[in-house]
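entry12.txt follows; it contains compact mmCIF, C-alpha atoms.
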# COMPACT_ATOMS: atom_id res chain seq x y z
CA MET X 1 145.06 84.35 -55.46
CA PHE X 2 145.48 87.99 -54.38
CA LEU X 3 148.02 88.73 -57.11
CA THR X 4 145.88 87.09 -59.80
CA LEU X 5 142.73 88.84 -58.62
CA SER X 6 144.53 92.17 -58.53
CA LEU X 7 145.82 91.67 -62.07
CA TYR X 8 142.25 90.98 -63.17
CA ALA X 9 141.13 94.19 -61.41
CA VAL X 10 143.90 96.14 -63.15
CA MET X 11 143.09 94.69 -66.59
CA THR X 12 139.39 95.44 -66.25
CA ASP X 13 139.87 98.83 -64.61
CA LYS X 14 138.05 97.83 -61.41
CA PHE X 15 139.75 100.28 -59.08
CA ILE X 16 137.57 99.63 -56.03
CA LEU X 17 138.25 95.90 -56.20
CA LEU X 18 141.96 96.68 -56.54
CA SER X 19 141.80 99.00 -53.52
CA ILE X 20 140.28 96.20 -51.43
CA VAL X 21 142.62 93.45 -52.62
CA LEU X 22 145.86 95.47 -52.32
CA PRO X 23 145.97 95.90 -48.51
CA LEU X 24 144.78 92.32 -47.94
CA ALA X 25 147.52 91.05 -50.26
CA ILE X 26 150.19 93.06 -48.44
CA LEU X 27 148.96 91.89 -45.05
CA ASN X 28 149.27 88.37 -46.43
CA LYS X 29 152.78 88.92 -47.80
CA GLU X 30 154.54 92.27 -47.92
CA SER X 31 156.16 91.72 -51.34
CA ASP X 32 152.66 91.90 -52.86
CA LEU X 33 153.25 95.63 -52.91
CA ILE X 34 154.20 94.81 -56.51
CA ILE X 35 150.50 95.08 -57.34
CA ILE X 36 151.11 98.83 -57.71
CA VAL X 37 153.59 97.95 -60.48
CA TYR X 38 150.83 95.90 -62.18
CA PHE X 39 148.61 98.98 -62.05
CA LEU X 40 151.25 101.34 -63.43
CA ALA X 41 152.27 98.93 -66.20
CA PHE X 42 148.73 98.98 -67.56
CA HIS X 43 147.86 102.62 -66.92
CA ILE X 44 151.09 104.65 -67.15
CA SER X 45 150.19 105.83 -70.65
CA ASP X 46 146.60 106.82 -69.81
CA SER X 47 145.72 110.23 -71.15
CA ASN X 48 144.01 111.35 -67.94
CA ARG X 49 147.17 112.11 -65.96
CA ARG X 50 145.33 113.62 -63.01
CA LYS X 51 143.21 110.49 -62.50
CA LEU X 52 146.30 108.30 -62.82
CA LEU X 53 148.15 110.38 -60.23
CA VAL X 54 145.26 110.30 -57.75
CA GLN X 55 144.75 106.57 -58.17
CA THR X 56 148.46 105.86 -57.81
CA LEU X 57 148.67 107.97 -54.66
CA CYS X 58 145.62 106.18 -53.23
CA LEU X 59 147.23 102.79 -53.89
CA LEU X 60 150.54 103.94 -52.41
CA ALA X 61 148.73 105.21 -49.29
CA LEU X 62 146.76 101.96 -48.88
CA GLY X 63 149.82 99.84 -49.57
CA GLY X 64 152.01 101.91 -47.26
CA LEU X 65 149.45 101.70 -44.48
CA ALA X 66 149.21 97.92 -44.79
CA LEU X 67 152.99 97.60 -44.95
CA PHE X 68 153.37 99.78 -41.86
CA ALA X 69 150.73 97.69 -40.04
CA THR X 70 152.60 94.44 -40.73
CA HIS X 71 155.93 95.88 -39.64
CA TYR X 72 154.39 97.54 -36.58
CA GLN X 73 152.78 94.29 -35.48
CA ALA X 74 156.11 92.45 -35.89
CA ARG X 75 158.25 95.18 -34.34
CA ASN X 76 159.17 93.18 -31.22
CA PHE X 77 159.71 89.88 -32.98
CA GLY X 78 163.14 88.33 -33.30
CA GLY X 79 165.12 87.85 -36.48
CA GLY X 80 166.37 90.22 -39.13
CA ILE X 81 164.17 92.09 -41.59
CA VAL X 82 165.24 89.74 -44.40
CA GLN X 83 167.36 86.62 -44.89
CA TYR X 84 170.28 87.09 -47.28
CA HIS X 85 171.20 84.24 -49.58
CA LEU X 86 172.95 86.21 -52.33
CA VAL X 87 176.33 84.45 -52.19
CA GLU X 88 174.75 80.99 -51.99
CA ASN X 89 172.46 81.83 -54.91
CA LEU X 90 175.27 83.22 -57.06
CA GLN X 91 177.29 80.07 -56.44
CA PHE X 92 174.27 77.99 -57.39
CA ILE X 93 173.51 79.79 -60.66
CA SER X 94 177.18 79.89 -61.66
CA SER X 95 177.35 76.10 -61.60
CA VAL X 96 176.52 74.36 -64.88
CA SER X 97 175.05 71.37 -63.06
CA SER X 98 172.31 73.59 -61.58
CA TYR X 99 170.62 73.68 -64.99
CA TRP X 100 170.25 69.95 -65.33
CA LEU X 101 168.80 68.90 -61.97
CA PHE X 102 165.76 66.66 -61.54
CA TYR X 103 163.73 65.57 -58.54
CA GLN X 104 160.81 63.28 -57.69
CA PRO X 105 158.07 65.41 -56.11
CA THR X 106 155.12 63.13 -56.79
CA ALA X 107 156.34 59.52 -56.84
CA PRO X 108 159.64 57.60 -56.76
CA TYR X 109 161.32 57.30 -60.19
CA VAL X 110 158.90 59.83 -61.71
CA PHE X 111 161.36 62.61 -62.41
CA PHE X 112 160.52 66.25 -62.94
CA PRO X 113 162.90 69.07 -63.78
CA ARG X 114 163.91 71.28 -60.88
CA GLY X 115 163.48 75.03 -60.88
CA TYR X 116 166.36 76.17 -63.12
CA ASN X 117 166.40 73.11 -65.34
CA LEU X 118 166.92 74.02 -69.01
CA VAL X 119 163.59 72.38 -69.85
CA TYR X 120 161.75 74.98 -67.79
CA LEU X 121 164.06 77.85 -68.64
CA THR X 122 163.64 77.24 -72.38
CA LEU X 123 159.86 77.14 -72.06
CA VAL X 124 159.69 80.25 -69.87
CA VAL X 125 162.09 82.24 -72.06
CA TRP X 126 160.12 81.22 -75.15
CA LEU X 127 156.86 82.14 -73.45
CA ALA X 128 158.27 85.46 -72.31
CA LEU X 129 159.92 86.47 -75.59
CA PHE X 130 157.72 84.81 -78.25
CA ARG X 131 156.74 87.50 -80.81
CA TRP X 132 157.74 90.12 -78.31
CA THR X 133 157.23 93.18 -80.51
CA ASP X 134 153.71 92.12 -81.51
CA ARG X 135 152.45 92.03 -77.94
CA PRO X 136 150.37 94.77 -76.41
CA THR X 137 152.63 97.38 -74.81
CA SER X 138 150.93 96.99 -71.44
CA LEU X 139 151.73 93.24 -71.35
CA ARG X 140 155.35 93.86 -72.30
CA ARG X 141 155.71 96.54 -69.63
CA LEU X 142 154.04 94.29 -67.07
CA LEU X 143 156.45 91.43 -67.69
CA VAL X 144 159.60 93.58 -67.85
CA TRP X 145 158.82 95.68 -64.80
CA CYS X 146 157.75 92.73 -62.66
CA SER X 147 160.81 90.72 -63.72
CA LEU X 148 163.07 93.65 -62.91
CA ALA X 149 161.50 93.82 -59.46
CA ASN X 150 161.33 90.07 -58.79
CA ILE X 151 164.65 88.70 -60.09
CA PRO X 152 166.89 90.80 -57.78
CA LEU X 153 164.64 89.85 -54.84
CA VAL X 154 164.99 86.15 -55.67
CA LEU X 155 168.76 86.45 -56.07
CA ALA X 156 169.19 88.29 -52.78
CA PHE X 157 166.60 86.62 -50.57
CA GLY X 158 165.39 83.45 -52.32
CA GLN X 159 166.58 79.91 -51.72
CA ARG X 160 168.52 78.71 -54.77
CA ASP X 161 166.00 77.37 -57.34
CA GLU X 162 162.94 77.56 -55.13
CA ILE X 163 160.82 78.92 -57.93
CA ARG X 164 157.81 79.79 -55.81
CA ASN X 165 159.89 82.88 -55.05
CA PHE X 166 159.04 84.01 -58.57
CA SER X 167 155.39 84.19 -57.54
CA LEU X 168 155.27 87.94 -58.21
CA VAL X 169 155.65 87.17 -61.93
CA PHE X 170 153.28 84.20 -62.07
CA ALA X 171 150.13 86.21 -62.78
CA PRO X 172 151.84 88.27 -65.53
CA LEU X 173 153.22 85.05 -67.01
CA PHE X 174 149.74 83.52 -67.00
CA ALA X 175 148.41 86.57 -68.87
CA THR X 176 151.32 86.22 -71.29
CA ALA X 177 150.49 82.53 -71.81
CA CYS X 178 146.90 83.49 -72.62
CA TRP X 179 148.11 86.01 -75.17
CA ALA X 180 150.56 83.48 -76.69
CA MET X 181 147.79 80.87 -77.07
CA LEU X 182 145.57 83.44 -78.71
CA ASP X 183 148.39 84.41 -81.04
CA ILE X 184 149.36 80.84 -81.94
CA TYR X 185 145.91 79.32 -82.37
CA GLY X 186 144.13 82.47 -83.50
CA PRO X 187 140.46 82.01 -84.46
CA ARG X 188 140.48 78.38 -83.34
CA ILE X 189 140.88 79.38 -79.71
CA ALA X 190 139.28 82.81 -79.87
CA GLY X 191 135.95 81.11 -80.50
CA LYS X 192 133.04 82.51 -82.38
CA PRO X 193 132.81 86.28 -82.21
CA GLU X 194 130.07 87.81 -80.10
CA GLY X 195 126.91 88.80 -81.93
CA PRO X 196 126.67 92.25 -83.55
CA MET Y 197 128.07 53.94 -90.03
CA ASP Y 198 125.22 54.21 -87.59
CA PHE Y 199 126.21 53.66 -83.96
CA GLY Y 200 122.71 54.32 -82.77
CA ILE Y 201 123.75 57.43 -80.88
CA ARG Y 202 121.08 60.03 -80.52
CA SER Y 203 121.97 63.61 -79.69
CA TYR Y 204 120.14 65.62 -77.09
CA SER Y 205 120.21 69.35 -76.55
CA LEU Y 206 119.89 70.93 -73.14
CA GLY Y 207 118.37 74.31 -72.56
CA ALA Y 208 120.63 77.29 -71.98
CA VAL Y 209 120.08 77.35 -68.22
CA ALA Y 210 120.60 73.60 -67.85
CA THR Y 211 123.78 73.76 -69.97
CA ALA Y 212 125.16 76.62 -67.90
CA THR Y 213 124.31 74.79 -64.67
CA VAL Y 214 125.97 71.55 -65.79
CA GLN Y 215 129.07 73.46 -66.92
CA CYS Y 216 129.25 75.33 -63.61
CA VAL Y 217 129.01 72.09 -61.64
CA PHE Y 218 131.72 70.42 -63.74
CA LEU Y 219 133.93 73.49 -63.48
CA ALA Y 220 133.50 73.64 -59.70
CA LEU Y 221 134.33 69.92 -59.40
CA LEU Y 222 137.39 70.26 -61.64
CA TYR Y 223 138.75 73.25 -59.75
CA PHE Y 224 137.90 71.65 -56.42
CA SER Y 225 139.78 68.46 -57.35
CA ALA Y 226 142.82 70.32 -58.65
CA SER Y 227 142.86 72.62 -55.62
CA ALA Y 228 142.58 69.68 -53.25
CA LEU Y 229 145.64 68.07 -54.88
CA VAL Y 230 147.63 71.29 -54.66
CA PHE Y 231 146.46 71.83 -51.09
CA GLU Y 232 147.42 68.30 -50.06
CA ASN Y 233 150.88 68.82 -51.48
CA PHE Y 234 151.22 72.22 -49.80
CA MET Y 235 150.12 70.96 -46.39
CA SER Y 236 152.33 67.88 -46.61
CA VAL Y 237 155.28 70.26 -46.82
CA HIS Y 238 154.15 73.12 -44.61
CA GLY Y 239 151.42 71.73 -42.42
CA ASP Y 240 153.38 69.78 -39.84
CA VAL Y 241 153.45 71.67 -36.53
CA HIS Y 242 156.57 69.77 -35.45
CA ARG Y 243 158.70 70.59 -38.48
CA LYS Y 244 161.89 72.46 -37.70
CA GLY Y 245 162.03 76.17 -38.39
CA VAL Y 246 158.91 78.09 -39.38
CA THR Y 247 155.83 75.95 -38.80
CA PHE Y 248 152.12 76.58 -38.89
CA ALA Y 249 152.11 76.64 -35.08
CA THR Y 250 154.81 79.32 -34.78
CA TYR Y 251 153.24 81.27 -37.64
CA LEU Y 252 149.73 81.19 -36.16
CA ASN Y 253 150.87 81.91 -32.61
CA PHE Y 254 152.92 84.96 -33.67
CA LYS Y 255 156.19 83.29 -32.70
CA SER Y 256 157.86 83.37 -36.12
CA ASP Y 257 161.05 85.31 -36.50
CA LYS Y 258 161.24 87.98 -39.16
CA PRO Y 259 160.79 88.01 -42.13
CA PHE Y 260 158.00 85.38 -41.78
CA ALA Y 261 156.51 87.47 -38.99
CA TYR Y 262 155.39 90.02 -41.57
CA ARG Y 263 152.74 87.64 -42.92
CA VAL Y 264 149.93 88.68 -40.65
CA LEU Y 265 146.62 88.29 -42.51
CA ILE Y 266 145.83 84.63 -41.77
CA PRO Y 267 147.30 84.65 -38.21
CA ASP Y 268 145.22 87.74 -37.37
CA ILE Y 269 141.99 86.23 -38.71
CA ALA Y 270 142.75 82.94 -36.94
CA ALA Y 271 143.51 84.79 -33.68
CA ALA Y 272 140.25 86.77 -33.95
CA VAL Y 273 138.23 83.58 -34.48
CA ASP Y 274 140.13 81.92 -31.62
CA SER Y 275 139.38 84.72 -29.17
CA ALA Y 276 135.73 84.78 -30.25
CA LEU Y 277 135.27 81.01 -29.99
CA SER Y 278 137.51 79.59 -27.31
CA GLY Y 279 135.52 80.81 -24.31
CA HIS Y 280 132.21 79.59 -25.72
CA LEU Y 281 132.91 76.06 -26.84
CA THR Y 282 130.93 73.14 -25.44
CA PRO Y 283 133.06 70.43 -23.78
CA GLY Y 284 132.35 68.13 -26.73
CA LEU Y 285 133.58 70.64 -29.30
CA GLN Y 286 136.55 71.51 -27.12
CA LYS Y 287 137.52 67.84 -26.96
CA LYS Y 288 137.10 67.54 -30.71
CA PHE Y 289 139.42 70.47 -31.33
CA GLU Y 290 142.01 69.13 -28.90
CA HIS Y 291 141.94 65.39 -29.68
CA GLN Y 292 139.49 64.15 -32.26
CA SER Y 293 139.65 66.40 -35.29
CA ASP Y 294 140.52 64.61 -38.53
CA ILE Y 295 143.41 66.93 -39.27
CA ILE Y 296 145.13 66.58 -35.90
CA PRO Y 297 146.81 63.24 -36.68
CA LYS Y 298 146.74 63.56 -40.48
CA VAL Y 299 148.13 67.01 -41.16
CA MET Y 300 149.31 68.47 -37.88
CA HIS Y 301 151.17 65.22 -37.10
CA VAL Y 302 150.13 65.44 -33.47
CA ASP Y 303 149.43 62.28 -31.50
CA ALA Y 304 145.63 62.36 -31.14
CA THR Y 305 145.78 60.72 -27.69
CA HIS Y 306 147.92 63.55 -26.31
CA GLY Y 307 146.24 66.24 -28.38
CA VAL Y 308 147.24 69.82 -28.96
CA ASP Y 309 146.41 72.97 -27.03
CA LEU Y 310 143.01 74.44 -27.78
CA HIS Y 311 144.16 77.82 -29.11
CA THR Y 312 146.69 76.35 -31.54
CA SER Y 313 144.12 73.82 -32.72
CA ILE Y 314 141.39 76.41 -33.38
CA ARG Y 315 143.83 78.70 -35.20
CA TYR Y 316 145.16 75.80 -37.22
CA HIS Y 317 141.67 74.73 -38.29
CA VAL Y 318 140.77 78.28 -39.35
CA ALA Y 319 144.03 78.65 -41.29
CA TYR Y 320 143.51 75.24 -42.89
CA VAL Y 321 140.16 76.33 -44.34
CA LEU Y 322 141.42 79.78 -45.35
CA VAL Y 323 144.43 78.37 -47.20
CA PHE Y 324 142.19 75.96 -49.11
CA LEU Y 325 139.82 78.81 -49.99
CA ALA Y 326 142.77 80.84 -51.25
CA ILE Y 327 144.00 77.94 -53.37
CA ILE Y 328 140.58 77.24 -54.88
CA GLY Y 329 140.10 80.98 -55.43
CA TRP Y 330 143.27 81.03 -57.50
CA PRO Y 331 141.97 79.08 -60.54
CA PHE Y 332 138.73 81.08 -60.47
CA ALA Y 333 140.71 84.35 -60.48
CA SER Y 334 142.95 82.98 -63.26
CA ARG Y 335 139.84 82.09 -65.25
CA LEU Y 336 138.72 85.72 -65.04
CA ILE Y 337 142.03 86.80 -66.58
CA ALA Y 338 141.80 84.15 -69.31
CA LEU Y 339 138.29 85.34 -70.18
CA GLN Y 340 139.74 88.77 -70.92
CA PHE Y 341 141.77 87.21 -73.74
CA PHE Y 342 139.22 84.84 -75.23
CA PRO Y 343 135.77 85.86 -74.02
CA ALA Y 344 134.02 83.76 -76.64
CA ASN Y 345 135.90 80.56 -75.82
CA ARG Y 346 134.90 79.66 -72.30
CA LEU Y 347 136.28 76.15 -72.62
CA ALA Y 348 139.84 77.45 -73.09
CA ALA Y 349 139.36 79.98 -70.30
CA ASN Y 350 138.10 77.23 -68.00
CA LEU Y 351 140.89 74.78 -68.77
CA LEU Y 352 143.93 77.08 -68.69
CA PRO Y 353 143.76 77.54 -64.88
CA LEU Y 354 143.81 73.75 -64.56
CA CYS Y 355 147.11 73.69 -66.45
CA LEU Y 356 148.35 76.30 -63.99
CA ALA Y 357 147.16 74.24 -61.01
CA CYS Y 358 148.83 71.09 -62.39
CA LEU Y 359 152.08 72.98 -62.90
CA ALA Y 360 151.79 74.38 -59.38
CA GLN Y 361 151.25 70.89 -58.05
CA ILE Y 362 154.47 69.71 -59.66
CA VAL Y 363 156.62 72.80 -59.60
CA PHE Y 364 155.43 75.55 -57.32
CA PHE Y 365 154.59 74.02 -53.97
CA PRO Y 366 157.07 71.16 -53.58
CA SER Y 367 159.70 73.13 -55.50
CA ALA Y 368 163.22 73.10 -54.14
CA PHE Y 369 161.84 73.58 -50.65
CA CYS Y 370 161.56 69.80 -50.32
CA MET Y 371 164.98 69.28 -51.79
CA ILE Y 372 166.79 71.74 -49.57
CA PHE Y 373 165.10 71.06 -46.29
CA ARG Y 374 164.12 67.40 -46.62
CA ASN Y 375 167.27 66.21 -44.87
Can you present the structure in this file as structure tokens?
Amino acid sequence: MFLTLSLYAVMTDKFILLSIVLPLAILNKESDLIIIVYFLAFHISDSNRRKLLVQTLCLLALGGLALFATHYQARNFGGGIVQYHLVENLQFISSVSSYWLFYQPTAPYVFFPRGYNLVYLTLVVWLALFRWTDRPTSLRRLLVWCSLANIPLVLAFGQRDEIRNFSLVFAPLFATACWAMLDIYGPRIAGKPEGP
Amino acid sequence: MDFGIRSYSLGAVATATVQCVFLALLYFSASALVFENFMSVHGDVHRKGVTFATYLNFKSDKPFAYRVLIPDIAAAVDSALSGHLTPGLQKKFEHQSDIIPKVMHVDATHGVDLHTSIRYHVAYVLVFLAIIGWPFASRLIALQFFPANRLAANLLPLCLACLAQIVFFPSAFCMIFRN
């Protein structure tokens, strides 16, 4: 919810809402620091460089403070800072059988594809790359930058094909899906234009 | 062919109200399904490894220990409430709450300690609010793309919730840790 709400705040230029959601999101899960990447993807080409710099510094300060608070509170807790699963994950993705796995999450004998199944991968790749050059630059940047941040994290710290670890890209993918629907169905989905 | 169907038109306010009620019910239903699935995987206090009890009592090892928002809110509510509960409410939290046997998987006759129970109940509500807030936040994004087509903007988050129900929450977590 925090990531989706922050993406909405970024898209609609609601900086105060973003400033409230960002620290809450990081307190909830520290990887939500990626919200700053959402902000930069949409605003990096703004003409008012001074405003962009100030806003980015504000977000970094708020995010850094929240991140410090979480780590300070957990300073005496056991365990390492992260859990490494890189070797296990590389073994998993290098196996051909990993791309054709199914499971039964809802009912026996009702099979659904697992995380890296080709059914999902094909759909996601199509959704991500469909008419790539026609997309708004901000959406392209958002998807590329978030993927570049999220994929290495999943490979290093995720659990095989546990795709909830791609949650940092879910909100950008949802925005991409909205754009794709608009592009495919055009006026039929855009609805009647607002009055003059 | 005449089927004898007459059409009615509602006023703008009535139409908006009916749509809001339907939308709230749809999102509520979808969120409840997602929530049920999530809690069936993560809600058991006796599960091995990171559980709601360790998470809410600040006993998780890192890196789960860094997730502090819900445990902090739950702890604040716990410290505000626990000294002021009537014996009846205290008993309810320890033995008779609906979620004690259903989700926490605690034997209701033996109960659970008061602090864990209060924190768990607070977290339970907060997690559901977060999940139901998700489709509403997604709807706001969808409206940015097709502001004139509210139906599409309303229904797209439901697709997301259904996908989450199947893919996101059970995910490979069930597969890896089930045995």
Q: Determine which residues of chain X sit within 9 Å of chain Y, taking into account all atoms listed in the file, and present them as a ChimeraX atom specification.
A: /X:1-2,4-8,11-12,24-30,67,70-71,73-74,77-83,103,105-106,112-115,159-165,167,171,174-175,178-179,182,189-194
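Each of Y:His280, Y:His242, Y:Val230, Y:Val321 was compared to Val308 of chain Y using only C-alpha atoms, and Y:His242 turns out to be the nearest.
Residues with any atom within 10 Å of Leu153 of chain X, counting all atoms listed in the file and excluding same-chain neighbours fewer than 3 positions away, are X:Ser31, X:Tyr84, X:Leu86, X:Ser147, X:Leu148, X:Ala149, X:Asn150, X:Ala156, X:Phe157, X:Gly158, X:Asn165, X:Phe166.
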Q.
Give me the residues near Met235 of chain Y as a PyMOL selection string, where near means some atom within 7 Å (using only C-alpha atoms) and where sequence neighbours in that chain fewer than 4 positions away do not count.
A. chain Y and resi 231+239+299
**Q.** Coordinates-based distance that separates atom CA of Leu277 of chain Y from atom CA of Val318 of chain Y (Å, one decimal)
**A.** 11.2 Å
Please enclose the listed atoms of segment 160-177 of chain X in an axis-aligned box, pad each side by 8 Å, and write out the centre and the three edge lengths in Å, rounded to one decimal, as lines of an AutoDock Vina configuration file.
center_x = 158.5
center_y = 82.8
center_z = -63.3
size_x = 36.1
size_y = 26.9
size_z = 33.0
Q: Identify the residues within 10 Å of coordinate (149.0, 99.2, -66.2) (same frame as the file), considering all atoms listed in the file, and give the answer as a ChimeraX atom specification.
A: /X:7,10-11,13,35-46,137-139,141-142
Once you have the residues from the selection above, write them out as an mmCIF file, in the frame of the given file, restricted to C-alpha atoms.
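File part10.cif, as written:
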data_model
loop_
_atom_site.group_PDB
_atom_site.id
_atom_site.type_symbol
_atom_site.label_atom_id
_atom_site.label_comp_id
_atom_site.auth_asym_id
_atom_site.auth_seq_id
_atom_site.Cartn_x
_atom_site.Cartn_y
_atom_site.Cartn_z
ATOM 1 C CA LEU X 7 145.820 91.670 -62.070
ATOM 2 C CA VAL X 10 143.900 96.140 -63.150
ATOM 3 C CA MET X 11 143.090 94.690 -66.590
ATOM 4 C CA ASP X 13 139.870 98.830 -64.610
ATOM 5 C CA ILE X 35 150.500 95.080 -57.340
ATOM 6 C CA ILE X 36 151.110 98.830 -57.710
ATOM 7 C CA VAL X 37 153.590 97.950 -60.480
ATOM 8 C CA TYR X 38 150.830 95.900 -62.180
ATOM 9 C CA PHE X 39 148.610 98.980 -62.050
ATOM 10 C CA LEU X 40 151.250 101.340 -63.430
ATOM 11 C CA ALA X 41 152.270 98.930 -66.200
ATOM 12 C CA PHE X 42 148.730 98.980 -67.560
ATOM 13 C CA HIS X 43 147.860 102.620 -66.920
ATOM 14 C CA ILE X 44 151.090 104.650 -67.150
ATOM 15 C CA SER X 45 150.190 105.830 -70.650
ATOM 16 C CA ASP X 46 146.600 106.820 -69.810
ATOM 17 C CA THR X 137 152.630 97.380 -74.810
ATOM 18 C CA SER X 138 150.930 96.990 -71.440
ATOM 19 C CA LEU X 139 151.730 93.240 -71.350
ATOM 20 C CA ARG X 141 155.710 96.540 -69.630
ATOM 21 C CA LEU X 142 154.040 94.290 -67.070
#
**Q.** Selection near Asn253 of chain Y, 9 Å with all atoms listed in the file, sequence-local residues under 2 positions removed, as a PyMOL selection string
**A.** chain Y and resi 248-251+255-256+267+271+311-312+315
Would you export the selected residues with C-alpha atoms as a PDB file, in the coordinates of the input, please?
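This went into part.pdb:
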ATOM      1  CA  PHE Y 248     152.120  76.580 -38.890  1.00  0.00           C
ATOM      2  CA  ALA Y 249     152.110  76.640 -35.080  1.00  0.00           C
ATOM      3  CA  THR Y 250     154.810  79.320 -34.780  1.00  0.00           C
ATOM      4  CA  TYR Y 251     153.240  81.270 -37.640  1.00  0.00           C
ATOM      5  CA  LYS Y 255     156.190  83.290 -32.700  1.00  0.00           C
ATOM      6  CA  SER Y 256     157.860  83.370 -36.120  1.00  0.00           C
ATOM      7  CA  PRO Y 267     147.300  84.650 -38.210  1.00  0.00           C
ATOM      8  CA  ALA Y 271     143.510  84.790 -33.680  1.00  0.00           C
ATOM      9  CA  HIS Y 311     144.160  77.820 -29.110  1.00  0.00           C
ATOM     10  CA  THR Y 312     146.690  76.350 -31.540  1.00  0.00           C
ATOM     11  CA  ARG Y 315     143.830  78.700 -35.200  1.00  0.00           C
TER      12      ARG Y 315
END
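The space separating atom CA of Ala9 of chain X from atom CA of Asp183 of chain X comes to 23.1 Å.
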Q. So how many Å separate atom CA of Phe224 of chain Y and atom CA of Val237 of chain Y, to one decimal?
A. 19.9 Å
